[in-house]
$ cat model_22.txt   # compact mmCIF, C-alpha atoms
# COMPACT_ATOMS: atom_id res chain seq x y z
CA MET J 1460 99.78 81.65 112.59
CA VAL J 1461 102.99 79.67 112.70
CA LEU J 1462 106.34 80.27 111.03
CA SER J 1463 107.27 77.11 109.16
CA SER J 1464 110.91 76.09 108.84
CA ALA J 1465 110.74 77.27 105.21
CA ASP J 1466 109.52 80.67 106.44
CA LYS J 1467 112.36 80.89 108.96
CA ASN J 1468 114.92 79.98 106.32
CA ASN J 1469 113.50 82.55 103.89
CA VAL J 1470 113.62 85.26 106.55
CA LYS J 1471 117.17 84.42 107.67
CA ALA J 1472 118.43 84.28 104.08
CA CYS J 1473 116.78 87.54 103.08
CA TRP J 1474 117.84 89.39 106.22
CA GLY J 1475 121.37 88.03 105.80
CA LYS J 1476 121.59 89.49 102.29
CA ILE J 1477 120.48 92.89 103.57
CA GLY J 1478 123.47 92.93 105.88
CA SER J 1479 124.72 96.39 106.77
CA HIS J 1480 121.88 98.09 104.86
CA ALA J 1481 119.41 97.15 107.58
CA GLY J 1482 119.65 100.50 109.35
CA GLU J 1483 119.22 102.40 106.08
CA TYR J 1484 116.17 100.32 105.22
CA GLY J 1485 114.74 100.77 108.71
CA ALA J 1486 114.94 104.53 108.26
CA GLU J 1487 113.44 104.37 104.78
CA ALA J 1488 110.57 102.20 106.02
CA LEU J 1489 109.87 104.76 108.75
CA GLU J 1490 109.95 107.61 106.24
CA ARG J 1491 107.55 105.72 103.98
CA THR J 1492 105.26 105.05 106.94
CA PHE J 1493 105.15 108.73 107.95
CA CYS J 1494 104.55 109.74 104.32
CA SER J 1495 101.81 107.25 103.43
CA PHE J 1496 100.16 107.02 106.83
CA PRO J 1497 100.45 110.49 108.37
CA THR J 1498 98.59 109.48 111.55
CA THR J 1499 101.72 107.54 112.52
CA LYS J 1500 103.53 110.85 112.96
CA THR J 1501 101.49 111.48 116.11
CA TYR J 1502 103.85 109.16 117.96
CA PHE J 1503 106.86 111.34 117.09
CA PRO J 1504 105.98 114.94 117.98
CA HIS J 1505 109.46 115.27 119.45
CA PHE J 1506 111.20 114.26 116.22
CA ASP J 1507 112.31 116.17 113.17
CA LEU J 1508 110.53 114.09 110.52
CA SER J 1509 111.88 115.89 107.45
CA HIS J 1510 113.62 113.87 104.74
CA GLY J 1511 117.08 112.79 105.85
CA SER J 1512 116.43 113.57 109.50
CA ALA J 1513 119.20 112.29 111.77
CA GLN J 1514 116.60 111.30 114.38
CA VAL J 1515 114.70 109.17 111.85
CA GLN J 1516 117.94 107.57 110.70
CA ALA J 1517 118.90 106.73 114.27
CA HIS J 1518 115.45 105.39 114.98
CA GLY J 1519 115.51 103.34 111.79
CA GLN J 1520 118.76 101.77 112.97
CA LYS J 1521 117.13 100.94 116.31
CA VAL J 1522 114.17 99.26 114.58
CA ALA J 1523 116.55 97.36 112.27
CA ASP J 1524 118.71 96.17 115.18
CA ALA J 1525 115.61 94.87 116.96
CA LEU J 1526 114.54 93.01 113.81
CA THR J 1527 118.06 91.58 113.41
CA LYS J 1528 117.81 90.29 116.98
CA ALA J 1529 114.37 88.85 116.21
CA VAL J 1530 115.76 87.02 113.17
CA ALA J 1531 118.58 85.59 115.27
CA HIS J 1532 116.06 84.33 117.82
CA ILE J 1533 113.33 83.43 115.38
CA ASN J 1534 112.55 80.28 117.33
CA ASP J 1535 111.76 82.19 120.47
CA LEU J 1536 110.42 85.62 119.67
CA PRO J 1537 108.46 86.18 122.90
CA ASN J 1538 111.59 85.77 125.02
CA ALA J 1539 113.93 87.66 122.74
CA LEU J 1540 111.52 90.60 122.40
CA SER J 1541 110.20 90.58 125.97
CA ASP J 1542 111.78 93.91 126.97
CA LEU J 1543 110.57 95.59 123.79
CA SER J 1544 107.16 94.11 124.40
CA ASP J 1545 107.10 95.69 127.89
CA LEU J 1546 108.24 99.00 126.44
CA HIS J 1547 105.47 99.09 123.85
CA ALA J 1548 102.80 97.96 126.32
CA TYR J 1549 103.56 100.19 129.28
CA LYS J 1550 105.42 103.17 127.94
CA LEU J 1551 104.96 103.70 124.18
CA ARG J 1552 101.46 102.26 123.81
CA VAL J 1553 101.48 102.52 120.03
CA ASP J 1554 98.07 101.48 118.76
CA PRO J 1555 98.29 97.99 117.25
CA VAL J 1556 97.05 99.17 113.83
CA ASN J 1557 100.33 101.00 113.31
CA PHE J 1558 102.43 97.84 113.31
CA LYS J 1559 100.65 96.84 110.10
CA PHE J 1560 101.58 100.15 108.47
CA LEU J 1561 105.25 99.83 109.36
CA SER J 1562 105.34 96.14 108.39
CA HIS J 1563 103.85 97.00 104.99
CA CYS J 1564 106.40 99.77 104.45
CA LEU J 1565 109.23 97.40 105.44
CA LEU J 1566 107.99 95.06 102.71
CA VAL J 1567 107.81 97.94 100.21
CA THR J 1568 111.37 99.00 101.10
CA LEU J 1569 112.73 95.49 100.69
CA ALA J 1570 110.84 95.06 97.40
CA CYS J 1571 112.36 98.31 96.13
CA HIS J 1572 115.93 97.40 96.95
CA HIS J 1573 115.95 93.62 96.44
CA PRO J 1574 113.33 92.77 93.82
CA GLU J 1575 115.09 89.53 92.81
CA GLU J 1576 115.11 88.22 96.38
CA PHE J 1577 111.53 89.30 96.90
CA THR J 1578 109.84 86.27 95.38
CA PRO J 1579 106.21 85.47 96.30
CA ALA J 1580 107.37 82.84 98.80
CA VAL J 1581 109.85 85.21 100.46
CA HIS J 1582 107.21 87.97 100.44
CA ALA J 1583 104.82 85.63 102.25
CA SER J 1584 107.44 84.55 104.82
CA LEU J 1585 108.47 88.14 105.58
CA ASP J 1586 104.85 89.24 105.92
CA LYS J 1587 104.30 86.40 108.41
CA PHE J 1588 107.50 87.26 110.28
CA PHE J 1589 106.64 90.94 110.67
CA SER J 1590 103.17 89.91 111.75
CA ALA J 1591 104.63 87.56 114.37
CA VAL J 1592 106.95 90.30 115.67
CA SER J 1593 104.02 92.74 115.82
CA THR J 1594 101.96 90.22 117.76
CA VAL J 1595 104.73 89.80 120.33
CA LEU J 1596 105.17 93.57 120.67
CA THR J 1597 101.47 94.06 121.38
CA SER J 1598 101.02 90.89 123.44
CA LYS J 1599 101.10 92.60 126.85
CA TYR J 1600 98.79 95.48 125.92
CA ARG J 1601 95.90 94.11 127.96
CA MET X 593 85.91 111.67 99.38
CA VAL X 594 89.51 111.28 98.29
CA HIS X 595 90.95 114.14 96.28
CA PHE X 596 93.97 114.08 93.97
CA THR X 597 95.96 117.15 92.94
CA ALA X 598 96.94 117.63 89.31
CA GLU X 599 100.51 116.63 90.19
CA GLU X 600 99.35 113.43 91.86
CA LYS X 601 97.19 112.49 88.88
CA ALA X 602 100.05 113.16 86.48
CA ALA X 603 102.53 111.14 88.54
CA ILE X 604 100.18 108.19 88.96
CA THR X 605 99.17 108.20 85.29
CA SER X 606 102.77 108.41 84.18
CA LEU X 607 103.87 105.44 86.30
CA TRP X 608 100.84 103.43 85.22
CA GLY X 609 101.80 104.00 81.59
CA LYS X 610 104.95 101.97 82.21
CA VAL X 611 103.15 99.01 83.81
CA ASN X 612 102.56 95.80 81.87
CA VAL X 613 98.98 95.35 83.07
CA GLU X 614 98.70 91.72 82.02
CA GLU X 615 101.88 90.68 83.83
CA ALA X 616 101.35 92.85 86.88
CA GLY X 617 97.75 91.68 87.21
CA GLY X 618 98.73 88.04 87.30
CA GLU X 619 101.50 88.78 89.74
CA ALA X 620 99.27 90.83 92.04
CA LEU X 621 96.50 88.27 92.23
CA GLY X 622 99.02 85.43 92.51
CA ARG X 623 100.83 87.07 95.41
CA LEU X 624 97.50 87.81 97.13
CA LEU X 625 96.66 84.10 97.02
CA VAL X 626 100.16 83.09 98.18
CA VAL X 627 100.67 85.64 100.95
CA TYR X 628 97.07 85.52 102.25
CA PRO X 629 96.00 81.96 101.49
CA TRP X 630 92.52 82.43 102.95
CA THR X 631 91.76 84.62 99.91
CA GLN X 632 91.75 81.40 97.88
CA ARG X 633 88.24 80.87 99.22
CA PHE X 634 86.86 82.85 96.29
CA PHE X 635 88.57 80.77 93.67
CA ASP X 636 87.57 77.14 94.21
CA ASN X 637 87.09 76.66 90.49
CA PHE X 638 90.55 77.90 89.53
CA GLY X 639 92.14 74.46 89.59
CA ASN X 640 95.58 73.88 91.09
CA LEU X 641 96.40 76.37 93.87
CA SER X 642 98.32 73.86 95.93
CA SER X 643 101.74 75.52 95.92
CA THR X 644 103.36 78.89 95.31
CA SER X 645 104.55 77.85 91.84
CA ALA X 646 101.17 76.34 91.00
CA ILE X 647 99.45 79.59 91.96
CA MET X 648 101.88 81.90 90.17
CA GLY X 649 101.76 79.73 87.01
CA ASN X 650 98.01 79.10 87.06
CA PRO X 651 96.48 80.41 83.78
CA LYS X 652 93.14 81.26 85.44
CA VAL X 653 94.94 83.32 88.07
CA LYS X 654 96.82 85.20 85.36
CA ALA X 655 93.68 85.80 83.32
CA HIS X 656 91.68 86.98 86.28
CA GLY X 657 94.54 89.11 87.52
CA LYS X 658 94.66 90.83 84.15
CA LYS X 659 90.90 91.48 84.33
CA VAL X 660 91.16 92.96 87.82
CA LEU X 661 94.10 95.19 87.01
CA THR X 662 92.57 96.38 83.73
CA SER X 663 89.61 97.51 85.78
CA PHE X 664 92.02 99.23 88.16
CA GLY X 665 93.27 101.14 85.12
CA ASP X 666 89.77 102.57 84.80
CA ALA X 667 90.15 103.98 88.30
CA ILE X 668 93.15 105.94 87.09
CA LYS X 669 91.04 107.50 84.36
CA ASN X 670 88.37 108.42 86.93
CA MET X 671 90.29 109.59 89.97
CA ASP X 672 87.79 112.39 90.57
CA ASN X 673 84.88 110.01 90.84
CA LEU X 674 85.98 106.62 92.05
CA LYS X 675 82.66 105.90 93.75
CA GLY X 676 80.75 106.55 90.53
CA ALA X 677 83.22 104.60 88.43
CA PHE X 678 83.02 101.53 90.67
CA ALA X 679 79.33 101.63 91.63
CA LYS X 680 78.34 98.66 89.46
CA LEU X 681 81.40 96.62 90.44
CA SER X 682 80.66 97.39 94.08
CA GLU X 683 77.17 95.95 93.77
CA LEU X 684 78.56 92.91 92.00
CA HIS X 685 81.18 92.24 94.70
CA CYS X 686 78.54 92.52 97.43
CA ASP X 687 75.48 90.87 95.93
CA LYS X 688 76.96 88.23 93.66
CA LEU X 689 80.56 87.62 94.70
CA HIS X 690 80.17 88.17 98.49
CA VAL X 691 83.71 89.48 98.91
CA ASP X 692 84.69 91.03 102.25
CA PRO X 693 86.00 94.54 101.42
CA GLU X 694 89.04 93.83 103.57
CA ASN X 695 90.24 91.83 100.56
CA PHE X 696 90.32 95.01 98.45
CA ARG X 697 92.71 96.56 100.96
CA LEU X 698 94.92 93.47 100.91
CA LEU X 699 95.07 93.46 97.11
CA GLY X 700 95.76 97.20 97.01
CA ASN X 701 98.76 96.76 99.29
CA VAL X 702 100.04 93.83 97.25
CA LEU X 703 99.82 96.04 94.16
CA VAL X 704 101.85 98.75 95.90
CA ILE X 705 104.50 96.18 96.77
CA ILE X 706 104.66 94.98 93.16
CA LEU X 707 105.08 98.54 91.91
CA ALA X 708 107.92 98.94 94.41
CA SER X 709 109.67 95.83 93.14
CA HIS X 710 109.29 96.92 89.50
CA PHE X 711 110.24 100.56 89.88
CA GLY X 712 112.79 100.47 92.72
CA LYS X 713 114.17 103.91 93.56
CA GLU X 714 111.62 105.57 91.26
CA PHE X 715 108.95 104.41 93.70
CA THR X 716 109.86 107.10 96.20
CA PRO X 717 108.05 107.59 99.52
CA ASP X 718 106.04 110.42 97.93
CA MET X 719 105.07 108.22 94.98
CA GLN X 720 104.11 105.43 97.36
CA ALA X 721 101.93 107.83 99.36
CA MET X 722 100.00 108.78 96.21
CA TRP X 723 99.43 105.14 95.35
CA GLN X 724 98.36 104.32 98.90
CA LYS X 725 95.75 107.08 98.53
CA LEU X 726 94.59 105.60 95.23
CA VAL X 727 94.34 102.00 96.41
CA ALA X 728 92.53 103.13 99.56
CA GLY X 729 90.13 105.17 97.40
CA VAL X 730 89.48 102.20 95.12
CA ALA X 731 88.90 99.88 98.10
CA THR X 732 86.46 102.37 99.62
CA ALA X 733 84.66 102.84 96.28
CA LEU X 734 84.32 99.10 95.84
CA ALA X 735 82.87 98.80 99.33
CA HIS X 736 80.57 101.79 98.94
CA LYS X 737 77.46 99.94 97.73
CA TYR X 738 77.68 97.18 100.31
CA HIS X 739 74.65 96.61 102.44
$ encode --input "model_22.txt" --output "structure tokens"
Amino acid sequence: MVLSSADKNNVKACWGKIGSHAGEYGAEALERTFCSFPTTKTYFPHFDLSHGSAQVQAHGQKVADALTKAVAHINDLPNALSDLSDLHAYKLRVDPVNFKFLSHCLLVTLACHHPEEFTPAVHASLDKFFSAVSTVLTSKYR
Amino acid sequence: MVHFTAEEKAAITSLWGKVNVEEAGGEALGRLLVVYPWTQRFFDNFGNLSSTSAIMGNPKVKAHGKKVLTSFGDAIKNMDNLKGAFAKLSELHCDKLHVDPENFRLLGNVLVIILASHFGKEFTPDMQAMWQKLVAGVATALAHKYH
């Protein structure tokens, strides 16, 4: 699976429009993931996962910042995300299935807040982008 | 077997009442074919699927999308017995159509995304969770008679 230049442009444009809301959306996507896919909560036994939790908000910001970095380095994701890839492989070891759940909830969040931007073509590009990021983050698992 | 509380049924039914099934059906199937192009394998006789606009504007896609989503509406009337409600369709999808059940999960998630884009803030995390349960239940019911 390859990100075409159209995909990259769609992702950059969409992420640019999100601007300072990225952290808020990251947190919302996490909340949606925990709500719809409760097994994902097993990775956060040390968190308060109630609605509005400061820990979830902070973590959402972290996820958003990493995605912002990925967008900025969309031509070289493996390098840009190498440290995060190590973290997920050797320390966090989040089962790969969970990246699909979070990616889906990121799409749901964006669709909720920016329906006009979220055309079929942009939807496809974002889905591919999140998939590419997920692949990099699980690339050193074994 | 998936179980829905009275509140969940009421919430799902209420949201569904506001959905334009014809439009949403076309959009759901169209987006499935755009976002996951390999799903086009089932629709060789649908004519022009060569671009995003061709797919989204294709009259056969719209018609078939409406058919699929109308059938989904039946699920909402039968939330206590999805397997029973979809038994015949399950056999059809296995024996005649040869559709990998993974495609039901993909379409279910596309539908959830469309509901999010239509309903915005109203599509809260709790509402999404109910719909994820429903689309998962429908996908499982449709796969139930596979052999």
$ residues_around --input "model_22.txt" --residues "Leu1561 in chain J" --least-positions-apart "5" --cutoff "10 Å" --atoms "all atoms listed in the file" --output "PyMOL selection string"
chain J and resi 1485+1488-1493+1496+1499+1556+1566-1567+1589+1593
$ atom_distance --input "model_22.txt" --atom1 "CA of Val627 in chain X" --atom2 "CA of Ala1525 in chain J"
23.8 Å
$ closest_atom_pairs --input "model_22.txt" --of "chain J" --to "chain X" --cutoff "12 Å" --atoms "all atoms listed in the file" --output "Markdown table"
| residue | atom | partner | partner_atom | distance |
| --- | --- | --- | --- | --- |
| J:Met1460 | CA | X:Tyr628 | CA | 11.4 |
| J:Asp1466 | CA | X:Val627 | CA | 11.5 |
| J:Ala1486 | CA | X:Pro717 | CA | 11.5 |
| J:Glu1487 | CA | X:Pro717 | CA | 8.2 |
| J:Ala1488 | CA | X:Pro717 | CA | 8.8 |
| J:Leu1489 | CA | X:Pro717 | CA | 9.8 |
| J:Glu1490 | CA | X:Pro717 | CA | 7.0 |
| J:Arg1491 | CA | X:Pro717 | CA | 4.9 |
| J:Thr1492 | CA | X:Pro717 | CA | 8.3 |
| J:Phe1493 | CA | X:Pro717 | CA | 9.0 |
| J:Cys1494 | CA | X:Ala721 | CA | 5.9 |
| J:Ser1495 | CA | X:Ala721 | CA | 4.1 |
| J:Phe1496 | CA | X:Ala721 | CA | 7.7 |
| J:Pro1497 | CA | X:Ala721 | CA | 9.5 |
| J:His1510 | CA | X:Pro717 | CA | 9.9 |
| J:Lys1559 | CA | X:Asn701 | CA | 11.0 |
| J:Phe1560 | CA | X:Asn701 | CA | 10.2 |
| J:Ser1562 | CA | X:Asn701 | CA | 11.2 |
| J:His1563 | CA | X:Asn701 | CA | 7.6 |
| J:Cys1564 | CA | X:Ile705 | CA | 8.7 |
| J:Leu1565 | CA | X:Ile705 | CA | 10.0 |
| J:Leu1566 | CA | X:Ile705 | CA | 7.0 |
| J:Val1567 | CA | X:Ile705 | CA | 5.1 |
| J:Thr1568 | CA | X:Ala708 | CA | 7.5 |
| J:Leu1569 | CA | X:Ser709 | CA | 8.2 |
| J:Ala1570 | CA | X:Ser709 | CA | 4.5 |
| J:Cys1571 | CA | X:Gly712 | CA | 4.1 |
| J:His1572 | CA | X:Gly712 | CA | 6.1 |
| J:His1573 | CA | X:Ser709 | CA | 7.4 |
| J:Pro1574 | CA | X:Ser709 | CA | 4.8 |
| J:Glu1575 | CA | X:Ser709 | CA | 8.3 |
| J:Glu1576 | CA | X:Ser709 | CA | 9.9 |
| J:Phe1577 | CA | X:Ser709 | CA | 7.8 |
| J:Thr1578 | CA | X:Arg623 | CA | 9.0 |
| J:Pro1579 | CA | X:Arg623 | CA | 5.7 |
| J:Ala1580 | CA | X:Thr644 | CA | 6.6 |
| J:Val1581 | CA | X:Val627 | CA | 9.2 |
| J:His1582 | CA | X:Val627 | CA | 7.0 |
| J:Ala1583 | CA | X:Val627 | CA | 4.3 |
| J:Ser1584 | CA | X:Val627 | CA | 7.9 |
| J:Leu1585 | CA | X:Val627 | CA | 9.4 |
| J:Asp1586 | CA | X:Val627 | CA | 7.4 |
| J:Lys1587 | CA | X:Val627 | CA | 8.3 |
| J:Phe1588 | CA | X:Val627 | CA | 11.7 |
| J:Ser1590 | CA | X:Val627 | CA | 11.9 |
$ write_last_selection --input "model_22.txt" --atoms "C-alpha atoms" --output "CSV table (one decimal), in the frame of the given file"
chain,number,residue,atom,x,y,z
J,1460,MET,CA,99.8,81.6,112.6
J,1466,ASP,CA,109.5,80.7,106.4
J,1486,ALA,CA,114.9,104.5,108.3
J,1487,GLU,CA,113.4,104.4,104.8
J,1488,ALA,CA,110.6,102.2,106.0
J,1489,LEU,CA,109.9,104.8,108.8
J,1490,GLU,CA,110.0,107.6,106.2
J,1491,ARG,CA,107.6,105.7,104.0
J,1492,THR,CA,105.3,105.0,106.9
J,1493,PHE,CA,105.2,108.7,108.0
J,1494,CYS,CA,104.6,109.7,104.3
J,1495,SER,CA,101.8,107.2,103.4
J,1496,PHE,CA,100.2,107.0,106.8
J,1497,PRO,CA,100.4,110.5,108.4
J,1510,HIS,CA,113.6,113.9,104.7
J,1559,LYS,CA,100.6,96.8,110.1
J,1560,PHE,CA,101.6,100.2,108.5
J,1562,SER,CA,105.3,96.1,108.4
J,1563,HIS,CA,103.8,97.0,105.0
J,1564,CYS,CA,106.4,99.8,104.4
J,1565,LEU,CA,109.2,97.4,105.4
J,1566,LEU,CA,108.0,95.1,102.7
J,1567,VAL,CA,107.8,97.9,100.2
J,1568,THR,CA,111.4,99.0,101.1
J,1569,LEU,CA,112.7,95.5,100.7
J,1570,ALA,CA,110.8,95.1,97.4
J,1571,CYS,CA,112.4,98.3,96.1
J,1572,HIS,CA,115.9,97.4,97.0
J,1573,HIS,CA,116.0,93.6,96.4
J,1574,PRO,CA,113.3,92.8,93.8
J,1575,GLU,CA,115.1,89.5,92.8
J,1576,GLU,CA,115.1,88.2,96.4
J,1577,PHE,CA,111.5,89.3,96.9
J,1578,THR,CA,109.8,86.3,95.4
J,1579,PRO,CA,106.2,85.5,96.3
J,1580,ALA,CA,107.4,82.8,98.8
J,1581,VAL,CA,109.8,85.2,100.5
J,1582,HIS,CA,107.2,88.0,100.4
J,1583,ALA,CA,104.8,85.6,102.2
J,1584,SER,CA,107.4,84.6,104.8
J,1585,LEU,CA,108.5,88.1,105.6
J,1586,ASP,CA,104.8,89.2,105.9
J,1587,LYS,CA,104.3,86.4,108.4
J,1588,PHE,CA,107.5,87.3,110.3
J,1590,SER,CA,103.2,89.9,111.8
$ closest_residue --input "model_22.txt" --among "X:Val691, X:Ala655, X:Val594, X:Leu641" --to "Asn670 in chain X" --atoms "all atoms listed in the file"
X:Val594
$ closest_residue --input "model_22.txt" --among "X:Ala733, X:Ala603, X:Ala728, X:Val613" --to "Lys659 in chain X" --atoms "only C-alpha atoms"
X:Val613
$ atom_distance --input "model_22.txt" --atom1 "CA of Gly617 in chain X" --atom2 "CA of Leu661 in chain X"
5.1 Å
$ atom_distance --input "model_22.txt" --atom1 "CA of His736 in chain X" --atom2 "CA of Arg697 in chain X"
13.4 Å
$ closest_residue --input "model_22.txt" --among "X:Thr631, X:Asn695, X:Ser606, X:Ser682" --to "Lys737 in chain X" --atoms "all atoms listed in the file"
X:Ser682
$ residues_around --input "model_22.txt" --residues "Glu683 in chain X" --least-positions-apart "5" --cutoff "9 Å" --atoms "only C-alpha atoms" --output "PyMOL selection string"
chain X and resi 678+688+734-738
